[in-house]
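Here is the file work-v4.cif (mmCIF, C-alpha atoms and all ligand atoms).
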```
data_protein
#
loop_
_atom_site.label_atom_id
_atom_site.label_comp_id
_atom_site.auth_asym_id
_atom_site.auth_seq_id
_atom_site.Cartn_x
_atom_site.Cartn_y
_atom_site.Cartn_z
CA MET D 185 -26.33 -41.25 -9.84
CA HIS D 186 -26.74 -44.88 -10.74
CA ARG D 187 -29.12 -46.87 -12.86
CA PHE D 188 -30.63 -49.14 -10.23
CA ALA D 189 -34.23 -48.28 -9.29
CA LEU D 190 -37.15 -49.82 -7.43
CA LYS D 191 -40.29 -49.89 -9.56
CA LYS D 192 -43.39 -51.17 -7.80
CA GLY D 193 -41.17 -52.90 -5.26
CA ARG D 194 -39.08 -54.67 -7.88
CA LEU D 195 -35.43 -53.73 -8.41
CA TRP D 196 -34.38 -52.87 -11.94
CA CYS D 197 -30.92 -52.35 -13.34
CA GLU D 198 -31.25 -50.27 -16.50
CA GLY D 199 -33.90 -52.24 -18.46
CA VAL D 200 -33.54 -55.54 -16.62
CA ALA D 201 -35.50 -56.76 -13.58
CA VAL D 202 -32.74 -58.15 -11.37
CA ASP D 203 -34.87 -61.05 -10.03
CA ARG D 204 -34.93 -62.48 -13.57
CA VAL D 205 -31.14 -62.74 -13.56
CA ALA D 206 -31.09 -64.15 -10.03
CA ASP D 207 -33.66 -66.80 -11.06
CA ALA D 208 -31.60 -67.74 -14.09
CA LEU D 209 -28.17 -67.86 -12.47
CA GLY D 210 -28.78 -68.32 -8.77
CA THR D 211 -27.26 -66.24 -6.00
CA PRO D 212 -24.96 -64.79 -4.71
CA LEU D 213 -24.46 -62.80 -7.86
CA TYR D 214 -22.70 -59.56 -8.76
CA LEU D 215 -24.61 -57.44 -11.23
CA TYR D 216 -23.14 -54.33 -12.87
CA SER D 217 -24.72 -51.55 -14.88
CA PHE D 218 -22.63 -50.82 -17.97
CA GLN D 219 -24.17 -47.39 -18.36
CA THR D 220 -23.48 -46.36 -14.76
CA LEU D 221 -19.87 -47.39 -15.15
CA LEU D 222 -19.48 -45.27 -18.27
CA ASP D 223 -21.45 -42.35 -16.82
CA HIS D 224 -19.04 -42.11 -13.91
CA TYR D 225 -15.96 -42.41 -16.10
CA ARG D 226 -17.27 -39.70 -18.42
CA LYS D 227 -18.16 -37.38 -15.54
CA LEU D 228 -14.56 -37.35 -14.40
CA GLU D 229 -13.17 -37.19 -17.91
CA LYS D 230 -15.37 -34.20 -18.71
CA ALA D 231 -14.60 -32.41 -15.46
CA PHE D 232 -10.86 -32.63 -16.12
CA SER D 233 -10.94 -32.35 -19.93
CA SER D 234 -9.76 -28.72 -19.99
CA ALA D 235 -6.49 -29.92 -18.45
CA GLY D 236 -6.26 -32.94 -20.77
CA ALA D 237 -5.96 -35.19 -17.72
CA LEU D 238 -5.40 -38.91 -18.14
CA ILE D 239 -7.93 -40.97 -16.16
CA CYS D 240 -6.43 -44.32 -15.14
CA PHE D 241 -9.07 -46.62 -13.66
CA ALA D 242 -7.70 -48.44 -10.58
CA VAL D 243 -7.96 -52.09 -11.61
CA LYS D 244 -7.87 -53.20 -7.97
CA ALA D 245 -11.40 -51.85 -7.53
CA ASN D 246 -12.85 -54.19 -10.14
CA GLY D 247 -10.65 -56.24 -12.45
CA ASN D 248 -13.26 -58.09 -14.48
CA LEU D 249 -12.13 -58.14 -18.11
CA ALA D 250 -15.49 -56.88 -19.36
CA ILE D 251 -15.34 -53.89 -17.00
CA LEU D 252 -11.78 -53.14 -18.11
CA LYS D 253 -12.68 -53.53 -21.77
CA ALA D 254 -15.69 -51.22 -21.45
CA LEU D 255 -13.50 -48.55 -19.87
CA ALA D 256 -10.61 -49.07 -22.30
CA GLN D 257 -13.02 -48.58 -25.20
CA ALA D 258 -14.23 -45.37 -23.58
CA GLY D 259 -10.62 -44.16 -23.58
CA SER D 260 -9.63 -44.90 -20.00
CA GLY D 261 -6.11 -45.67 -18.90
CA PHE D 262 -5.39 -48.03 -15.99
CA ASP D 263 -3.63 -48.01 -12.65
CA VAL D 264 -2.23 -51.47 -11.89
CA VAL D 265 -0.53 -52.80 -8.77
CA SER D 266 0.70 -56.25 -9.78
CA GLY D 267 1.84 -58.29 -12.73
CA GLY D 268 -1.59 -59.92 -12.73
CA GLU D 269 -3.42 -56.60 -12.97
CA LEU D 270 -1.05 -55.44 -15.69
CA ARG D 271 -1.69 -58.57 -17.72
CA LYS D 272 -5.45 -58.26 -17.24
CA ALA D 273 -5.40 -54.64 -18.40
CA LEU D 274 -3.37 -55.56 -21.48
CA LEU D 275 -5.64 -58.53 -22.19
CA ALA D 276 -8.62 -56.17 -22.05
CA GLY D 277 -7.02 -54.04 -24.75
CA ALA D 278 -5.51 -51.27 -22.65
CA ALA D 279 -2.89 -49.14 -24.34
CA PRO D 280 0.43 -49.60 -22.46
CA GLN D 281 1.00 -45.88 -22.85
CA LYS D 282 -2.04 -45.31 -20.65
CA ILE D 283 -0.97 -47.69 -17.87
CA VAL D 284 0.63 -46.57 -14.61
CA TYR D 285 2.14 -49.16 -12.30
CA ALA D 286 2.26 -48.65 -8.52
CA SER D 287 3.03 -51.05 -5.67
CA VAL D 288 5.16 -50.89 -2.55
CA GLY D 289 6.58 -54.33 -3.37
CA LYS D 290 7.36 -54.85 -7.06
CA THR D 291 9.16 -58.13 -7.68
CA ASP D 292 11.94 -58.52 -10.28
CA ARG D 293 9.53 -60.45 -12.50
CA GLU D 294 6.86 -57.79 -12.28
CA ILE D 295 9.39 -55.03 -12.97
CA GLU D 296 10.62 -56.83 -16.07
CA LEU D 297 7.09 -57.49 -17.30
CA ALA D 298 6.11 -53.84 -16.89
CA LEU D 299 9.30 -52.61 -18.57
CA ARG D 300 8.84 -54.97 -21.50
CA SER D 301 5.20 -53.89 -21.75
CA ARG D 302 6.37 -50.25 -22.01
CA VAL D 303 3.96 -48.85 -19.45
CA LEU D 304 3.63 -45.09 -19.22
CA PHE D 305 4.84 -44.77 -15.63
CA PHE D 306 6.31 -46.67 -12.75
CA ASN D 307 5.11 -45.07 -9.51
CA VAL D 308 8.16 -45.70 -7.35
CA GLU D 309 7.70 -46.02 -3.60
CA SER D 310 11.23 -46.27 -2.15
CA ALA D 311 14.89 -45.42 -2.78
CA MET D 312 15.73 -49.09 -3.06
CA GLU D 313 13.03 -49.63 -5.67
CA LEU D 314 14.44 -46.76 -7.74
CA GLU D 315 17.91 -48.32 -7.63
CA VAL D 316 16.54 -51.75 -8.56
CA LEU D 317 14.57 -50.23 -11.43
CA GLU D 318 17.63 -48.37 -12.75
CA ALA D 319 19.58 -51.65 -12.73
CA ALA D 320 16.75 -53.49 -14.51
CA CYS D 321 16.54 -50.79 -17.19
CA ARG D 322 20.31 -50.95 -17.71
CA ARG D 323 20.11 -54.72 -18.08
CA LEU D 324 17.18 -54.59 -20.51
CA LYS D 325 18.50 -51.52 -22.32
CA ARG D 326 15.30 -49.60 -21.61
CA ARG D 327 14.55 -46.07 -20.50
CA GLN D 328 11.53 -45.71 -18.23
CA ARG D 329 9.41 -42.79 -17.12
CA VAL D 330 9.00 -42.65 -13.35
CA CYS D 331 6.84 -40.82 -10.80
CA LEU D 332 8.17 -40.72 -7.26
CA ARG D 333 5.37 -41.37 -4.79
CA LEU D 334 5.31 -38.63 -2.19
CA ASN D 335 3.71 -39.41 1.14
CA PRO D 336 2.57 -35.88 1.86
CA GLY D 337 1.81 -36.34 5.54
CA VAL D 338 -1.84 -35.46 5.04
CA GLN D 339 -4.61 -36.94 7.16
CA ALA D 340 -7.75 -37.73 5.17
CA ASP D 341 -11.02 -38.30 7.01
CA THR D 342 -11.57 -41.95 6.16
CA HIS D 343 -11.12 -45.44 7.61
CA ALA D 344 -7.58 -46.05 8.93
CA TYR D 345 -7.12 -49.07 6.66
CA ILE D 346 -7.69 -46.98 3.54
CA SER D 347 -5.83 -43.88 4.66
CA THR D 348 -2.41 -43.85 3.00
CA GLY D 349 -1.02 -40.31 3.17
CA GLN D 350 0.05 -40.00 6.80
CA PRO D 351 3.62 -40.49 8.09
CA ALA D 352 3.04 -43.93 9.67
CA SER D 353 1.83 -45.41 6.38
CA LYS D 354 3.93 -47.89 4.38
CA PHE D 355 3.08 -46.06 1.18
CA GLY D 356 5.27 -43.59 -0.66
CA MET D 357 8.22 -41.64 0.68
CA GLY D 358 8.50 -38.64 2.95
CA LEU D 359 9.36 -35.26 1.47
CA SER D 360 13.05 -35.36 2.43
CA THR D 361 13.54 -38.80 0.83
CA VAL D 362 11.88 -37.74 -2.42
CA GLU D 363 13.93 -34.53 -2.45
CA SER D 364 17.16 -36.46 -1.98
CA LEU D 365 16.26 -38.80 -4.88
CA PHE D 366 15.48 -35.89 -7.18
CA LYS D 367 18.84 -34.36 -6.25
CA ARG D 368 20.50 -37.69 -7.16
CA HIS D 369 18.74 -37.81 -10.56
CA ARG D 370 22.02 -38.08 -12.51
CA GLU D 371 22.67 -41.43 -10.83
CA PHE D 372 19.67 -42.81 -12.73
CA PRO D 373 20.50 -42.31 -16.42
CA HIS D 374 17.96 -44.91 -17.54
CA LEU D 375 15.12 -43.28 -15.64
CA ASP D 376 13.20 -40.20 -16.65
CA LEU D 377 12.07 -38.78 -13.30
CA ALA D 378 9.17 -37.06 -14.95
CA GLY D 379 6.57 -36.84 -12.23
CA ILE D 380 5.26 -36.92 -8.70
CA HIS D 381 2.66 -39.41 -7.53
CA LEU D 382 0.23 -38.97 -4.66
CA HIS D 383 -2.48 -41.21 -3.28
CA ILE D 384 -3.71 -40.15 0.13
CA GLY D 385 -6.44 -42.72 0.69
CA SER D 386 -9.85 -43.88 -0.40
CA GLN D 387 -13.50 -42.82 0.12
CA ILE D 388 -12.47 -39.20 0.75
CA LEU D 389 -15.49 -36.92 0.55
CA GLU D 390 -13.93 -33.46 0.27
CA ALA D 391 -11.21 -31.76 -1.72
CA ALA D 392 -9.28 -30.18 1.16
CA PRO D 393 -6.83 -33.04 1.87
CA PHE D 394 -6.21 -33.48 -1.88
CA ALA D 395 -5.52 -29.75 -2.16
CA ALA D 396 -3.10 -29.86 0.78
CA ALA D 397 -1.22 -32.79 -0.76
CA ILE D 398 -1.16 -31.18 -4.21
CA ALA D 399 0.24 -27.95 -2.78
CA LYS D 400 3.14 -29.94 -1.32
CA ALA D 401 3.71 -31.75 -4.60
CA ILE D 402 3.76 -28.50 -6.57
CA GLY D 403 6.30 -27.01 -4.18
CA LEU D 404 8.40 -30.12 -4.62
CA ALA D 405 8.11 -29.98 -8.42
CA LYS D 406 9.41 -26.40 -8.41
CA LYS D 407 12.40 -27.39 -6.32
CA ALA D 408 13.12 -30.46 -8.44
CA ARG D 409 13.11 -28.34 -11.60
CA ARG D 410 15.70 -26.06 -10.03
CA TRP D 411 17.83 -29.15 -9.44
CA GLY D 412 17.59 -29.99 -13.15
CA VAL D 413 14.80 -32.58 -13.06
CA ALA D 414 12.25 -32.15 -15.87
CA ILE D 415 9.03 -32.71 -13.93
CA ARG D 416 6.04 -32.74 -16.31
CA TYR D 417 3.41 -34.89 -14.61
CA LEU D 418 1.43 -34.87 -11.40
CA ASN D 419 -0.49 -38.05 -10.57
CA ILE D 420 -2.97 -37.23 -7.80
CA GLY D 421 -4.04 -40.87 -7.30
CA GLY D 422 -7.58 -42.00 -6.59
CA GLY D 423 -9.66 -41.69 -3.46
CA LEU D 424 -12.83 -39.85 -4.51
CA GLY D 425 -15.65 -40.85 -2.20
CA ILE D 426 -19.12 -42.05 -3.19
CA VAL D 427 -22.54 -42.39 -1.57
CA TYR D 428 -22.96 -45.59 0.43
CA HIS D 429 -25.41 -44.20 2.98
CA ARG D 430 -25.87 -40.53 3.83
CA GLU D 431 -22.53 -39.22 2.58
CA THR D 432 -22.56 -36.06 0.50
CA PRO D 433 -19.41 -36.42 -1.58
CA GLN D 434 -18.16 -33.75 -3.91
CA THR D 435 -19.16 -34.10 -7.53
CA ALA D 436 -16.50 -34.63 -10.19
CA GLN D 437 -17.13 -31.07 -11.35
CA ALA D 438 -16.76 -29.59 -7.87
CA PHE D 439 -13.60 -31.60 -7.31
CA ALA D 440 -12.12 -30.43 -10.61
CA SER D 441 -12.99 -26.80 -9.95
CA ARG D 442 -11.04 -27.03 -6.70
CA ILE D 443 -8.06 -28.92 -8.09
CA LEU D 444 -7.54 -27.41 -11.54
CA PRO D 445 -6.71 -23.87 -10.36
CA LEU D 446 -3.98 -25.34 -8.17
CA ILE D 447 -2.09 -26.74 -11.13
CA LYS D 448 -3.04 -24.04 -13.63
CA ASN D 449 0.34 -22.31 -13.82
CA SER D 450 2.44 -25.35 -13.04
CA SER D 451 2.58 -26.79 -16.59
CA LEU D 452 2.04 -30.22 -15.04
CA LYS D 453 -0.03 -32.82 -16.88
CA LEU D 454 -2.55 -34.44 -14.55
CA ILE D 455 -3.14 -38.14 -14.01
CA LEU D 456 -5.98 -39.50 -11.84
CA GLU D 457 -6.41 -43.06 -10.57
CA PRO D 458 -10.08 -43.36 -9.57
CA GLY D 459 -11.46 -46.79 -8.74
CA ARG D 460 -14.39 -46.50 -6.36
CA PHE D 461 -15.79 -43.35 -8.01
CA ILE D 462 -16.17 -45.16 -11.34
CA ALA D 463 -17.16 -48.68 -10.28
CA GLY D 464 -18.59 -48.44 -6.74
CA ASN D 465 -22.20 -47.57 -7.44
CA SER D 466 -22.30 -49.40 -10.74
CA GLY D 467 -22.64 -52.79 -9.04
CA VAL D 468 -24.84 -54.66 -6.56
CA LEU D 469 -24.48 -58.01 -4.86
CA LEU D 470 -27.68 -60.06 -5.09
CA THR D 471 -28.28 -62.56 -2.32
CA ARG D 472 -31.23 -64.63 -1.07
CA VAL D 473 -32.40 -65.17 2.48
CA VAL D 474 -31.58 -68.74 3.50
CA THR D 475 -32.64 -68.82 7.15
CA LEU D 476 -34.33 -66.60 9.72
CA LYS D 477 -33.63 -66.99 13.42
CA GLU D 478 -34.01 -65.10 16.71
CA ASN D 479 -32.13 -65.52 19.95
CA GLY D 480 -34.15 -63.32 22.29
CA ARG D 481 -31.88 -60.32 21.75
CA LYS D 482 -31.38 -60.33 18.00
CA ARG D 483 -33.27 -61.20 14.86
CA PHE D 484 -30.98 -62.65 12.19
CA ALA D 485 -31.51 -62.97 8.47
CA VAL D 486 -28.91 -65.42 7.18
CA VAL D 487 -28.26 -64.90 3.47
CA ASP D 488 -26.41 -66.98 0.90
CA ALA D 489 -23.64 -64.40 0.39
CA GLY D 490 -20.87 -64.22 2.94
CA MET D 491 -17.90 -62.11 3.92
CA ASN D 492 -15.93 -64.11 1.36
CA ASP D 493 -18.13 -62.49 -1.33
CA LEU D 494 -18.12 -58.94 0.04
CA ILE D 495 -15.71 -58.24 2.86
CA ARG D 496 -16.14 -54.49 3.26
CA PRO D 497 -18.58 -54.60 6.20
CA SER D 498 -16.37 -57.09 8.06
CA LEU D 499 -13.08 -55.40 7.24
CA TYR D 500 -13.98 -51.73 7.54
CA GLY D 501 -17.35 -51.77 9.28
CA ALA D 502 -18.59 -50.37 5.97
CA TYR D 503 -22.27 -49.51 5.49
CA HIS D 504 -24.03 -50.86 2.40
CA GLU D 505 -27.61 -49.97 1.57
CA MET D 506 -29.81 -53.04 1.25
CA VAL D 507 -32.95 -53.34 -0.85
CA LEU D 508 -35.57 -56.07 -0.88
CA SER D 509 -36.66 -56.78 -4.42
CA GLY D 510 -40.29 -57.92 -4.51
CA GLY D 511 -43.19 -57.52 -2.14
CA ALA D 512 -41.71 -54.99 0.28
CA ALA D 513 -44.63 -52.56 0.29
CA ARG D 514 -47.11 -54.84 2.07
CA ARG D 515 -44.81 -55.87 4.90
CA PRO D 516 -44.14 -54.33 8.33
CA ARG D 517 -40.55 -53.28 8.98
CA LEU D 518 -38.36 -55.10 11.50
CA ARG D 519 -34.78 -54.83 12.66
CA TYR D 520 -32.35 -57.48 11.41
CA ASP D 521 -28.73 -58.40 11.58
CA VAL D 522 -28.13 -59.54 8.01
CA VAL D 523 -25.38 -62.12 8.20
CA GLY D 524 -23.66 -64.66 5.98
CA PRO D 525 -23.11 -68.37 6.52
CA VAL D 526 -19.33 -68.09 7.09
CA CYS D 527 -17.95 -69.32 10.41
CA GLU D 528 -16.90 -65.91 11.70
CA SER D 529 -18.82 -63.53 13.93
CA GLY D 530 -17.48 -60.79 11.67
CA ASP D 531 -19.46 -62.24 8.77
CA PHE D 532 -22.23 -59.66 8.49
CA PHE D 533 -23.63 -57.18 5.97
CA ALA D 534 -25.79 -55.08 8.29
CA LYS D 535 -26.51 -54.75 11.99
CA ASP D 536 -29.91 -53.78 13.43
CA ARG D 537 -31.04 -52.79 9.97
CA LEU D 538 -34.69 -51.85 9.48
CA LEU D 539 -36.01 -53.96 6.60
CA PRO D 540 -39.41 -55.20 5.43
CA ARG D 541 -40.23 -58.46 7.23
CA LEU D 542 -38.17 -61.09 5.47
CA THR D 543 -39.08 -64.60 4.47
CA ARG D 544 -36.96 -67.47 3.26
CA GLY D 545 -36.00 -67.04 -0.40
CA ASP D 546 -36.37 -63.25 -0.43
CA LEU D 547 -34.02 -61.49 -2.81
CA LEU D 548 -31.88 -58.72 -1.32
CA ALA D 549 -29.62 -56.38 -3.26
CA ILE D 550 -26.60 -55.02 -1.45
CA LEU D 551 -25.89 -51.71 -3.14
CA GLY D 552 -22.56 -49.99 -3.78
CA ALA D 553 -20.79 -53.29 -4.32
CA GLY D 554 -19.16 -52.56 -7.67
CA ALA D 555 -15.78 -51.57 -6.23
CA TYR D 556 -13.73 -53.70 -3.83
CA GLY D 557 -16.55 -56.26 -3.90
CA PHE D 558 -15.81 -59.21 -6.14
CA ALA D 559 -12.21 -58.00 -6.39
CA MET D 560 -11.68 -58.73 -2.67
CA SER D 561 -13.67 -61.95 -2.62
CA SER D 562 -12.16 -65.30 -1.66
CA ASN D 563 -12.92 -68.99 -1.36
CA TYR D 564 -12.94 -68.96 2.45
CA ASN D 565 -15.04 -71.82 3.87
CA ALA D 566 -14.64 -73.55 0.48
CA ARG D 567 -17.23 -71.27 -1.04
CA PRO D 568 -17.11 -70.94 -4.84
CA ARG D 569 -16.97 -67.31 -5.86
CA ALA D 570 -20.08 -65.63 -7.23
CA ALA D 571 -20.95 -65.13 -10.88
CA GLU D 572 -20.73 -61.65 -12.37
CA VAL D 573 -23.19 -60.16 -14.84
CA MET D 574 -23.13 -56.97 -16.88
CA VAL D 575 -26.42 -55.33 -17.80
CA ARG D 576 -26.62 -53.13 -20.85
CA GLY D 577 -30.03 -51.69 -21.63
CA ARG D 578 -32.50 -54.56 -21.70
CA ARG D 579 -29.90 -57.28 -22.03
CA TRP D 580 -27.63 -58.99 -19.56
CA PHE D 581 -24.42 -60.93 -20.05
CA VAL D 582 -22.50 -63.32 -17.82
CA ILE D 583 -19.03 -61.79 -17.54
CA ARG D 584 -17.73 -64.38 -15.09
CA ARG D 585 -19.35 -67.73 -14.55
CA ARG D 586 -20.01 -68.94 -11.03
CA GLU D 587 -17.13 -71.01 -9.71
CA THR D 588 -17.66 -74.73 -9.32
CA PHE D 589 -16.33 -77.33 -6.93
CA GLN D 590 -13.73 -78.19 -9.58
CA ASP D 591 -12.46 -74.60 -9.42
CA LEU D 592 -12.04 -74.99 -5.67
CA VAL D 593 -9.72 -78.01 -5.92
CA ARG D 594 -8.00 -77.09 -9.18
CA GLY D 595 -4.32 -76.74 -8.49
CA GLU D 596 -4.35 -78.79 -5.29
CA ARG D 597 -2.23 -81.98 -5.28
CA LEU D 598 -1.80 -84.94 -2.93
CA PRO D 599 1.85 -85.76 -2.19
CA PRO D 600 2.76 -89.37 -3.10
CA PHE D 601 2.81 -90.50 0.54
CA LEU D 602 -0.89 -89.62 0.86
CA GLN D 603 -2.03 -91.22 -2.36
C1 LIG D 701 -2.14 -46.03 -5.59
C2 LIG D 701 -3.63 -46.11 -5.65
N1 LIG D 701 -4.27 -45.45 -6.64
C3 LIG D 701 -5.61 -45.50 -6.76
C4 LIG D 701 -6.38 -46.20 -5.86
C5 LIG D 701 -7.87 -46.23 -6.05
O1 LIG D 701 -8.52 -45.62 -5.01
P1 LIG D 701 -10.08 -45.32 -5.08
O2 LIG D 701 -10.75 -46.58 -5.42
O3 LIG D 701 -10.42 -44.84 -3.73
O4 LIG D 701 -10.28 -44.26 -6.12
C6 LIG D 701 -5.76 -46.87 -4.80
C7 LIG D 701 -6.57 -47.61 -3.83
O5 LIG D 701 -6.11 -48.23 -2.92
C8 LIG D 701 -4.34 -46.83 -4.70
O6 LIG D 701 -3.70 -47.47 -3.72
#
```
Structure encoded using structure tokens:
Amino acid sequence: MHRFALKKGRLWCEGVAVDRVADALGTPLYLYSFQTLLDHYRKLEKAFSSAGALICFAVKANGNLAILKALAQAGSGFDVVSGGELRKALLAGAAPQKIVYASVGKTDREIELALRSRVLFFNVESAMELEVLEAACRRLKRRQRVCLRLNPGVQADTHAYISTGQPASKFGMGLSTVESLFKRHREFPHLDLAGIHLHIGSQILEAAPFAAAIAKAIGLAKKARRWGVAIRYLNIGGGLGIVYHRETPQTAQAFASRILPLIKNSSLKLILEPGRFIAGNSGVLLTRVVTLKENGRKRFAVVDAGMNDLIRPSLYGAYHEMVLSGGAARRPRLRYDVVGPVCESGDFFAKDRLLPRLTRGDLLAILGAGAYGFAMSSNYNARPRAAEVMVRGRRWFVIRRRETFQDLVRGERLPPFLQ
């Protein structure tokens, strides 16, 4: 459920007609519904409340400070994957004791920052990282709680680029490696090996692969306890799928009713790291039609957003629903390739999509753009990044101004021999 709706052909977000915002700020423009964001967070929180689970929003999905602040105020924790994400979460008011830090490549600087910030967990992804972390803790006279990331060898039915739990993946460690590290736990006196971390991929629509991975983790926890390791936490990662097109993903409640019985007698405290589930359908990308053209085989609608603004269709072949705001009812429907202005054939948002006949200046909303939308955007083709707006009730607020030309060249320098 989200709070975007067409009323008499005009798209509304909560109590705001989105064309008003587009007129005021121009396009392309990301627009988020505050209430949808919180609804999704609360759905998960409620579903897992009986287990007292900690929900850590995955900052990589959407790192805007206003989004983070809204979730922090609602009680959310955060999953961060870089020093930058950690600093953003802290700046947004996140409690360090609700922050978990994962990454296959943590630098010395990032490790030190996270240790000094006293984050709840490091999710450790290799034997070498564990050794480096032990040395850093010794140096800084810190003790740190750690989850070892198990790669459970589970295949989730999703795009290969966002599937992370199979043996060929760079993420986590195989069972035998994690077991050997738990057996070596006395070699890490500054580390409290308190948990197991899983994250098997993203946009997963059913509970079965999660359940298979969790079963392996619980078996591992039992063994580790026999070896003298006090395992208390199980972090099952993110990955819950959402509706982009015709998917029928599990609800938070259905997911919880499948997962909670698995950990019932394990005395493990649960951590979840949802990103897409919370933010995905809380945002749209607004864009206007710039040009229409046909080449005999195809009819193109060129819009003012490009793959630099929303890369998911180009990168994953992802489907995003597209809605014309204003005047759709009276128009015949035609098939379009909706493409951006970027100099790449992969710069498209939809292929052969049936849409009301478009005219120059039409406002299109690309739905499901709240997660991995702005967060993955770039300045490719020297395109300033879009503005971001948060709608709450009948009011809207700019939460990131549109970038300017000055932003594009800020930080660039001419060497003396070119001046
Ligand atoms: C370790 C980890 N946790 C959580 C997430 C969030 O995943 P999702 O947005 O699918 O919930 C990701 C996504 O890549 C991840 O790598």
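Across D:Ala201, D:Val468, D:Ile550, D:Leu213, the tightest approach to Pro568 in chain D is made by D:Leu213 when counting all atoms listed in the file.
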Original post:
When the cut-off is 6 Å and you count all atoms listed in the file, which residues lie near ligand LIG 701 (chain D), shown as a ChimeraX atom specification?
Top reply: /D:242,245,286,383,386-387,421-424,457-461
For the selection you just gave me, I'd like the residues written to a file as a PDB file, keeping the file's coordinate frame, keeping C-alpha atoms.
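New file part34.pdb:
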```
ATOM      1  CA  ALA D 242      -7.700 -48.440 -10.580  1.00  0.00           C
ATOM      2  CA  ALA D 245     -11.400 -51.850  -7.530  1.00  0.00           C
ATOM      3  CA  ALA D 286       2.260 -48.650  -8.520  1.00  0.00           C
ATOM      4  CA  HIS D 383      -2.480 -41.210  -3.280  1.00  0.00           C
ATOM      5  CA  SER D 386      -9.850 -43.880  -0.400  1.00  0.00           C
ATOM      6  CA  GLN D 387     -13.500 -42.820   0.120  1.00  0.00           C
ATOM      7  CA  GLY D 421      -4.040 -40.870  -7.300  1.00  0.00           C
ATOM      8  CA  GLY D 422      -7.580 -42.000  -6.590  1.00  0.00           C
ATOM      9  CA  GLY D 423      -9.660 -41.690  -3.460  1.00  0.00           C
ATOM     10  CA  LEU D 424     -12.830 -39.850  -4.510  1.00  0.00           C
ATOM     11  CA  GLU D 457      -6.410 -43.060 -10.570  1.00  0.00           C
ATOM     12  CA  PRO D 458     -10.080 -43.360  -9.570  1.00  0.00           C
ATOM     13  CA  GLY D 459     -11.460 -46.790  -8.740  1.00  0.00           C
ATOM     14  CA  ARG D 460     -14.390 -46.500  -6.360  1.00  0.00           C
ATOM     15  CA  PHE D 461     -15.790 -43.350  -8.010  1.00  0.00           C
TER      16      PHE D 461
END
```
**OP:** With only C-alpha atoms counted, which protein, DNA or RNA residues have an atom no more than 6 Å from (-20.8, -63.0, -8.5) in the file frame? Please answer as a list in words.
**Re:** Pro212, Leu213, Tyr214, Ala570, Ala571 and Glu572 of chain D
**OP:** Calculate how many Å separate CA of Arg442 in chain D from CA of Phe394 in chain D, rounding to one decimal.
**Re:** 9.4 Å
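With CA of Pro600 in chain D on one side and CA of Asn563 in chain D on the other, the separation reads 25.8 Å.
Compared by their closest atoms to Lys367 in chain D, and using all atoms listed in the file, the residues D:Met506, D:Ala256, D:Ile447, D:Leu404 rank with D:Leu404 nearest.
Counting all atoms listed in the file, the residue from D:Leu444, D:Ala235, D:Ala250, D:Val243 that sits nearest to Val575 in chain D is D:Ala250.
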Original post:
What is the CA of Ala276 in chain D to CA of Ala320 in chain D distance in Å?
Top reply: 26.6 Å
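Nearest residue to Leu334 in chain D among D:Ile420, D:Pro393, D:Leu270, D:Gly277 is D:Ile420, counting all atoms listed in the file.
By all atoms listed in the file, and with residues fewer than 6 positions from Met574 in chain D along its chain excluded, the set lying at most 8 Å from it is Leu215, Tyr216, Ser217, Phe218, Trp580, Phe581, Val582 and Ile583 of chain D.
With distances restricted to all atoms listed in the file, D:Asp263 is the closest residue to Gln281 in chain D from D:Glu318, D:Asp263, D:Glu478, D:Glu363.
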Original post:
Skipping near chain neighbours, those fewer than 5 positions away, what residues fall within 12 Å of Pro516 in chain D using all atoms listed in the file, listed as an MDAnalysis selection string?
Top reply: chainID D and resid 511 538:542
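Candidate residues D:Ala485, D:Met491, D:Met357, D:Leu469 were compared for distance to Lys535 in chain D, and the nearest is D:Ala485, using all atoms listed in the file.
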Exercise: Arg293 in chain D partners within 12 Å, all atoms listed in the file, chain neighbours under 3 positions left out, as a CSV table (one decimal) with C-alpha atoms, keeping the file's coordinate frame:
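Ended up saving to around.csv:
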```csv
chain,number,residue,atom,x,y,z
D,266,SER,CA,0.7,-56.2,-9.8
D,267,GLY,CA,1.8,-58.3,-12.7
D,268,GLY,CA,-1.6,-59.9,-12.7
D,289,GLY,CA,6.6,-54.3,-3.4
D,290,LYS,CA,7.4,-54.8,-7.1
D,296,GLU,CA,10.6,-56.8,-16.1
D,297,LEU,CA,7.1,-57.5,-17.3
D,298,ALA,CA,6.1,-53.8,-16.9
D,299,LEU,CA,9.3,-52.6,-18.6
D,300,ARG,CA,8.8,-55.0,-21.5
D,316,VAL,CA,16.5,-51.8,-8.6
D,317,LEU,CA,14.6,-50.2,-11.4
D,320,ALA,CA,16.8,-53.5,-14.5
```
Original post:
Residues at most 10 Å from Tyr503 in chain D, counting only C-alpha atoms, excluding those fewer than 3 positions away in the same chain, as a VMD selection string?
Top reply: chain D and resid 428 to 430 496 to 498 500 506 533 to 535 550 to 552
Calculate, to one decimal in Å, the centre and edge lengths of the box along x, y and z of the file that holds all listed atoms of range 276-284 of chain D with 5 Å of margin on each side, and present them as lines of an AutoDock Vina configuration file.
```
center_x = -3.8
center_y = -50.7
center_z = -19.7
size_x = 19.6
size_y = 20.9
size_z = 20.1
```
**OP:** Neighbourhood query: residues within 6 Å of (-22.8, -43.9, -8.3), file coordinates, counting all atoms listed in the file; return as a list in words.
**Re:** Met185, His186 and Asn465 of chain D
